[in-house]
Amino acid sequence: MTRKDPVRSRIILFALTGALTVSVAACAPGAAEPASSGSSDAGHGAVAGAEEVAEPQLGLTSIDSDGTVRHLDLLDESVTDIGEVSVPGALTTDGRYLFAQTGGGIEIVDSGVWTWDHVDHFHYYRADPGVLGSVPGEGTAAVATTNLSTTGGTGISFAGSGDAVLLDTQALSKGEISESFRIEREPHEGVVVPVGSFALVTEAADGVGASVRGYTADGEETGLEEPCVAPAGTITTRVGAVIGCQDGALLAHVDGDELQVERIPYPAGTTAAPAQSFDNREGRPTVAALAGSEGIWMLDTRARSWTLLPSPAPLVHVTAVDDEDGHVLALAQDGRVLVLNGDDGSVLAETAPLVAESLSSGAAPTLIADQHRAYLSAPAEHRLYEIDYADAARIARTFETATEPAFVAETGR
C-alpha cells in the first residue's frame with residue numbers, strides 16, 4: 001500500500017488484453033445494485049433487454065489509435081473490450097452511443113450504459129455493449145445529439161458530399177441503424193441538429209453555410225428558415241439546442257407542436273472571435289467556448305446572454321460545469337487543467353502539466369466535466385486522470401493504459 005495524500009491509495013492490476021493499471025488516490029464508489037421492482041407504478045421506466053439499476057453506471061469508453069474500443073467501469077474499475085472500429089478521426093457521444101468518424105463515414109458503438117432523463121427524476125440502465133455498424137458519408141462529419149439515449153434523433157452533416165442525415169435513436173436502442181431522412185445539399189461545413197421531433201439543417205451559398213432550415217423527423221420542410229452565416233458548433237442544453245453563427249447563436253426548442261428559434265447576438269461592439277465549439281456538463285443551461293485567443297465565451301441559454309471572460313493563459317479547450325459555484329474548467333496549452341471562477345475568469349486551482357507531451361506531439365487530450373469530477377485523457381502519456389475540481393484540482397485517480405486512448409467519452413451519464 002502506498003500513500004499519496006491523507007486518503008489511502010491502492011494499486012489494482014487488470015489481467016486483460018490492453019488492460020489498465022489503476023492507481024487510486026481515493027476509494028471508488030461501490031458497484032451498483034439492481035433497483036427495487038416493488039414500485040407502485042410497475043413497469044415505469046422498463047426497457048426491453050436492459051437492467052435498471054440504482055445509480056448511474058459511469059464509465060470511460062475509449063477508442064485507441066487503431067480502433068480498439070474499451071470500457072472502463074468507474075464504479076468497480078473493471079475493463080471490457082467492446083470491439084473494433086476503423087481508424088477514428090473524431091468522436092462524439094450522447095452519453096450512451098459513441099459516434100466515431102472514420103474514412104468511410106460514422107461508425108457507432110453502444111457502450112451499454114446510460115441514464116434516462118425524465119426531467120424530474122432519472123432512470124439508470126446497463127445492457128450488453130457492442131459495435132452497431134456504420135453510416136456512410138464523405139468528408140468531415142459533424143454529429144449532433146439530443147443527449148436522450150432512447151428517444152429523439154442524432155444528426156450527421158457530411159461536409160464532403162453535403163448529405164444531411166437524421167438517425168432514429170429509438171432504432172439505435174434496438175441495435176438498428178435507421179435513417180429518418182437523408183437530404184442532399186451543397187457540400188459545406190454545416191450541422192444537422194435534432195430538436196424534439198424536428199431537426200434544423202444548415203444550407204449553403206457558394207460552399208459556405210448561410211442559413212438553417214427546419215424539417216420534421218421524416219424530412220418534410222416546416223417553412224422555418226433563419227440566417228446563420230458560417231455555422232460552427234452545436235450543443236443541447238436543458239433549455240434547447242444551440243447553433244453557433246458568425247454573429248452569435250441560435251437557440252432552438254419546441255413550443256407545443258411548433259419548432260421555435262431565437263437569436264442570441266454577441267454583445268454590441270465585441271471584437272472577440274466567435275465560438276467554434278461549445279462544451280458543458282451535460283444538460284446544464286450554461287455553455288463555454290473559446291473566443292479565439294482573446295478570452296472565453298460563456299453563453300447562458302436560460303438568460304439568453306453572452307459573457308466574455310479573460311483567458312488566464314493560452315488555452316486549447318474550455319467547458320462549463322455550471323454548478324452552484326459556477327466553475328469553469330480549462331485546458332491550458334502547457335498541459336495544465338485550470339479551475340476558473342465563472343464570474344470573472346480568475347484561477348481557483350490548477351493541476352501540474354498533465355498532458356504536456358500529448359499537446360506537444362499533436363495528440364488531442366479530452367477534458368470532460370460531470371457533477372462531481374473531471375476526466376482528462378492523456379494519449380501520449382497513456383493515462384486517464386480523474387480530477388476533483390472542487391477540491392483544489394486534486395488528482396483522485398490515475399488510470400495507466402497499455403495503448404494510446406486517442407478518443408475518450410464519459411458514458412452512463
# chains A, B, ... in the order shown; residues from 1 in each chain; ligands from 1

call {"tool": "residues_around", "arguments": {"residues": "A:Gly233", "least_positions_apart": "6", "cutoff": "7 Å", "atoms": "only C-alpha atoms", "output": "ChimeraX atom specification"}}
result
/A:243-244,276-278

call {"tool": "select_by_dssp", "arguments": {"residues": "stretch 40-208 of chain A", "states": "strand (DSSP E or B)", "output": "PyMOL selection string"}}
result
chain A and resi 51-53+59-63+68-73+79-84+90-93+97-102+105-110+113-117+122-126+130-136+141-145+153-158+164-168+179-183+192-195+198-205+208

call {"tool": "residues_around", "arguments": {"residues": "stretch 166-173 of chain A", "least_positions_apart": "4", "cutoff": "6 Å", "atoms": "only C-alpha atoms", "output": "PyMOL selection string"}}
result
chain A and resi 150-155+177-181

call {"tool": "residues_around", "arguments": {"residues": "stretch 162-164 of chain A", "least_positions_apart": "5", "cutoff": "9 Å", "atoms": "only C-alpha atoms", "output": "PyMOL selection string"}}
result
chain A and resi 137-139+155-157+181-192+201-202

call {"tool": "closest_atom_pairs", "arguments": {"of": "stretch 260-341 of chain A", "to": "stretch 214-227 of chain A", "cutoff": "12 Å", "atoms": "only C-alpha atoms", "output": "CSV"}}
result
residue,atom,partner,partner_atom,distance
A:Gln260,CA,A:Leu224,CA,8.4
A:Val261,CA,A:Glu226,CA,8.0
A:Glu262,CA,A:Glu226,CA,9.3
A:Arg263,CA,A:Glu226,CA,9.0

call {"tool": "closest_residue", "arguments": {"among": "A:Gly59, A:Gly345, A:Pro379, A:Gly295", "to": "A:Ser360", "atoms": "only C-alpha atoms"}}
result
A:Pro379

call {"tool": "residues_around", "arguments": {"residues": "A:Val339", "least_positions_apart": "4", "cutoff": "9 Å", "atoms": "only C-alpha atoms", "output": "ChimeraX atom specification"}}
result
/A:327-330,346-351,389-390,392-393

call {"tool": "atom_distance", "arguments": {"atom1": "atom CA of A:Leu331", "atom2": "atom CA of A:Asp300"}}
result
21.0 Å

call {"tool": "residues_around", "arguments": {"residues": "A:Pro136", "least_positions_apart": "6", "cutoff": "9 Å", "atoms": "only C-alpha atoms", "output": "PyMOL selection string"}}
result
chain A and resi 104-107

call {"tool": "write_last_selection", "arguments": {"atoms": "N, CA and C atoms", "output": "PDB file, in the first residue's frame"}}
result
ATOM      1  N   GLY A 104     -14.792   6.093 -43.943  1.00  0.00           N
ATOM      2  CA  GLY A 104     -15.991   5.805 -44.732  1.00  0.00           C
ATOM      3  C   GLY A 104     -17.265   6.427 -44.213  1.00  0.00           C
ATOM      4  N   GLY A 105     -17.196   7.179 -43.126  1.00  0.00           N
ATOM      5  CA  GLY A 105     -18.398   7.796 -42.563  1.00  0.00           C
ATOM      6  C   GLY A 105     -18.350   7.795 -41.054  1.00  0.00           C
ATOM      7  N   ILE A 106     -19.463   7.365 -40.437  1.00  0.00           N
ATOM      8  CA  ILE A 106     -19.578   7.313 -38.984  1.00  0.00           C
ATOM      9  C   ILE A 106     -19.825   5.874 -38.546  1.00  0.00           C
ATOM     10  N   GLU A 107     -19.007   5.373 -37.612  1.00  0.00           N
ATOM     11  CA  GLU A 107     -19.245   4.055 -37.032  1.00  0.00           C
ATOM     12  C   GLU A 107     -19.760   4.236 -35.608  1.00  0.00           C
TER      13      GLU A 107
END

call {"tool": "atom_distance", "arguments": {"atom1": "atom CA of A:Val287", "atom2": "atom CA of A:Thr319"}}
result
6.8 Å

call {"tool": "select_by_dssp", "arguments": {"residues": "stretch 70-280 of chain A", "states": "helix (DSSP H, G or I)", "output": "JSON, numbers by chain"}}
result
{"A": [169, 170, 171, 172]}
